[in-house]
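To start, the structure under review is shown below, and the notes come after it.
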Number of protein chains: 2
Amino acid sequence: MTTTPAPPAPELRAGLPPVEARAAFRAGVVGPTTGWSASYTQTNLVVLPEDWAYDFLLFAQRNSQACPVLDVSDVGEPTTVLAPDADLRTDLPLYRVWENGEVVAEVPDVRDLWRTDLVAFQVGCSFSFEAGLQQAGIPLRHIDQGRNVAMYRTDIACRPAGRLHGPLVVSMRPIRGSQVATAVGVTARLPEVHGAPVHVGAPEALGIADLARPDYGDPVEIRADELPVFWACGVTPQAAITAARPPFAITHAPGYMFITDVGA
Amino acid sequence: MTTTPAPPAPELRAGLPPVEARAAFRAGVVGPTTGWSASYTQTNLVVLPEDWAYDFLLFAQRNSQACPVLDVSDVGEPTTVLAPDADLRTDLPLYRVWENGEVVAEVPDVRDLWRTDLVAFQVGCSFSFEAGLQQAGIPLRHIDQGRNVAMYRTDIACRPAGRLHGPLVVSMRPIRGSQVATAVGVTARLPEVHGAPVHVGAPEALGIADLARPDYGDPVEIRADELPVFWACGVTPQAAITAARPPFAITHAPGYMFITDVGA
């Protein structure tokens, strides 16, 4: 066990410049990035061998609300135009390593797993619009409680692409009925980070049996005057990796995102 | 020479349902599609061998204002979800056939050139927002005069992707100074068909030497109270094919687009 630095205090995270947030993660801080570097675009990371790159880019085109591609690396390059000084192998707080569709490790650094045939895809993340929701007066309980967002696999099938297929994954935030329209308006303006909600209320219509048991992230209380509001989620590619079983992949751990230098 | 049917009268073209427009082209009508089936999305067609498909999809992701991908066929399938009954080999008015980066033929039917390794990309076209501009009270001279839109190669380099590289191509419409803001507002709402203009006025800033000599389409008069307004254009992939010289490609002829069943 090595000693990792203490994370910045919760009240300081929103104001951290992205370069400082990435430096903290590179130094070993591990935690979900919701509420960090407010108003900057955060991304989901999907890394696949070159042999799978076309299938993934096509899957993303065919399921673009869940998978808005913001950048694709050249083959073998762990870099992105979204943050030119960053190293995608170290600058996320936590990674998942996949073999044949199974998570075989969760690690804070993938330098020793990097290969010259890997392609890194950056997919927009809904954490990018959370500051906008808060600025519009909408409280976000998971941030206020210092937790990860709740995410669920639905029974909605993505449009397949080559070998890739799987269900739509959604993130959920409880929103007061009086603020649902505002939440739709704020997020609809940001299609590159999933845009407007895909569904409001009635989780059973998405095949979600129990909101208290999310498939990824942390559960969150829903109060009597609130509705669960669901946005397409960039964990959808991880559900496709589970279903399609490519021999190797690296992703972020759900909620532990890459923070870019690009404003949301 | 075979006899081709007469095209519908100009005043009837805007009201033609897409299925009837495609039937006319399939029957042999040849002409630019600007002004046809108003308010329906039109697309640029790019057909490449499977070996080039990843480079093209990546080029489109990296140059998405010029190349908004609306659909990609499965390998060997001349079909699209944008018009399920259509045959992409016959339902455009005019095609270009390319070998090693050169146009070797312009033909109204490519059934005898189709191959099982081809992938068809649909890229959004600015003709899709022309009805919206007209409904906002902005006259479009090329439509009023029954001509193709004017298109120009610029000196702005696209971001390369694999073997593909080349200049940005733009379409140009003369707009009165008092209506430029309206034209921006109408088109900015439609990013999937190129969105807001990339440039207003001063063609020399784009490396365009002479507006009277477009690289594709027809020239159009610009009056004293008008500015040339430039939108990113889906002919950009044709400039990349010219530059990168893939062994084989099929595209639409500039201005002779595919008309989808999807509203703009």
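Each chain of the structure tokens is named A, B, ... in the order shown, its residues numbered from 1; ligands are numbered from 1 in display order.
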
Taking a cut-off of 12 Å and counting only C-alpha atoms, can you build a table that, for each residue of chain A near chain B, reports the nearest atom pair and how far apart they are in Å (one decimal), sorted by chain then residue number, as a Markdown table?
```
| residue | atom | partner | partner_atom | distance |
| --- | --- | --- | --- | --- |
| A:Glu50 | CA | B:Tyr54 | CA | 9.9 |
| A:Asp51 | CA | B:Tyr54 | CA | 10.3 |
| A:Trp52 | CA | B:Tyr54 | CA | 10.2 |
| A:Ala53 | CA | B:Tyr54 | CA | 7.6 |
| A:Tyr54 | CA | B:Tyr54 | CA | 5.2 |
| A:Asp55 | CA | B:Tyr54 | CA | 8.7 |
| A:Phe56 | CA | B:Tyr54 | CA | 10.0 |
| A:Leu57 | CA | B:Leu57 | CA | 7.3 |
| A:Leu58 | CA | B:Val72 | CA | 7.5 |
| A:Phe59 | CA | B:Val72 | CA | 10.1 |
| A:Ala60 | CA | B:Gln61 | CA | 10.5 |
| A:Gln61 | CA | B:Val69 | CA | 7.4 |
| A:Arg62 | CA | B:Asp71 | CA | 7.3 |
| A:Asn63 | CA | B:Asp71 | CA | 10.7 |
| A:Ser64 | CA | B:Leu70 | CA | 10.1 |
| A:Pro68 | CA | B:Gln61 | CA | 9.9 |
| A:Val69 | CA | B:Gln61 | CA | 7.4 |
| A:Leu70 | CA | B:Gln61 | CA | 7.9 |
| A:Asp71 | CA | B:Arg62 | CA | 7.3 |
| A:Val72 | CA | B:Leu58 | CA | 7.5 |
| A:Ser73 | CA | B:Leu58 | CA | 9.7 |
| A:Asp74 | CA | B:Gly162 | CA | 8.0 |
| A:Val75 | CA | B:Gly162 | CA | 9.3 |
| A:Thr80 | CA | B:Arg62 | CA | 11.8 |
| A:Val81 | CA | B:Arg62 | CA | 10.4 |
| A:Val119 | CA | B:Leu58 | CA | 11.5 |
| A:Phe121 | CA | B:Leu58 | CA | 10.8 |
| A:Gln122 | CA | B:Gln61 | CA | 11.5 |
| A:Val123 | CA | B:Gln61 | CA | 11.8 |
| A:Arg159 | CA | B:Val81 | CA | 11.1 |
| A:Pro160 | CA | B:Asp74 | CA | 10.3 |
| A:Ala161 | CA | B:Asp74 | CA | 8.1 |
| A:Gly162 | CA | B:Asp74 | CA | 7.9 |
| A:Arg163 | CA | B:Asp74 | CA | 11.6 |
| A:Ala188 | CA | B:Arg189 | CA | 11.7 |
| A:Arg189 | CA | B:Arg189 | CA | 10.0 |
| A:Leu190 | CA | B:Pro191 | CA | 11.9 |
| A:Pro191 | CA | B:Pro191 | CA | 10.2 |
| A:Glu192 | CA | B:Pro191 | CA | 11.2 |
```

Close residues, Val198 of chain A itself excluded, 8 Å, only C-alpha atoms, min 6 positions apart in chain, as a PyMOL selection string = chain A and resi 230-232

inquiry  = Could you list, as a PyMOL selection string, every residue within 12 Å of Leu12 of chain B, counting only C-alpha atoms and ignoring same-chain residues fewer than 2 positions away?
reply    = chain B and resi 7-10+14-17+20-21+35-38

Dump C-alpha atoms for the selected residues as a PDB file, in the first residue's frame?
```pdb
ATOM      1  CA  PRO B   7     -39.023  16.585 -64.092  1.00  0.00           C
ATOM      2  CA  PRO B   8     -41.942  17.996 -62.111  1.00  0.00           C
ATOM      3  CA  ALA B   9     -42.591  21.683 -62.705  1.00  0.00           C
ATOM      4  CA  PRO B  10     -40.499  23.937 -60.434  1.00  0.00           C
ATOM      5  CA  ALA B  14     -41.166  21.912 -52.921  1.00  0.00           C
ATOM      6  CA  GLY B  15     -44.387  20.033 -52.149  1.00  0.00           C
ATOM      7  CA  LEU B  16     -43.287  16.622 -53.429  1.00  0.00           C
ATOM      8  CA  PRO B  17     -43.218  13.933 -50.755  1.00  0.00           C
ATOM      9  CA  GLU B  20     -42.149  10.685 -54.972  1.00  0.00           C
ATOM     10  CA  ALA B  21     -38.955  12.697 -55.429  1.00  0.00           C
ATOM     11  CA  GLY B  35     -35.862  23.408 -53.439  1.00  0.00           C
ATOM     12  CA  TRP B  36     -37.226  19.847 -53.650  1.00  0.00           C
ATOM     13  CA  SER B  37     -39.349  18.291 -50.874  1.00  0.00           C
ATOM     14  CA  ALA B  38     -39.047  21.369 -48.683  1.00  0.00           C
TER      15      ALA B  38
END
```

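Minimum distance to Glu102 of chain B across B:Pro5, B:Ser178, B:Ala240, B:Ala212 (counting only C-alpha atoms) occurs at B:Ala240.
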
task = From the DSSP assignment of the backbone, select every residue of segment 27-264 of chain A that is strand (DSSP E or B), and format the answer as a VMD selection string.
result = chain A and resid 40 to 49 69 to 72 95 to 99 102 to 107 118 to 124 150 to 157 161 164 167 to 176 199 to 200 216 to 217 226 to 232 249 to 252 258 to 263

inquiry  = as a PyMOL selection string, please: every residue in segment 6-244 of chain A that DSSP puts in alpha helix (DSSP H).
reply    = chain A and resi 10-13+18-26+53-62+130-135+141-144+180-188+236-244

message = I want to know what sits within 9 Å of Pro254 of chain A, based on only C-alpha atoms, with residues of the same chain fewer than 6 positions away left out; could you give that as a ChimeraX atom specification?
response = /A:32,44,94-96,148,151,216-217,234-235,238
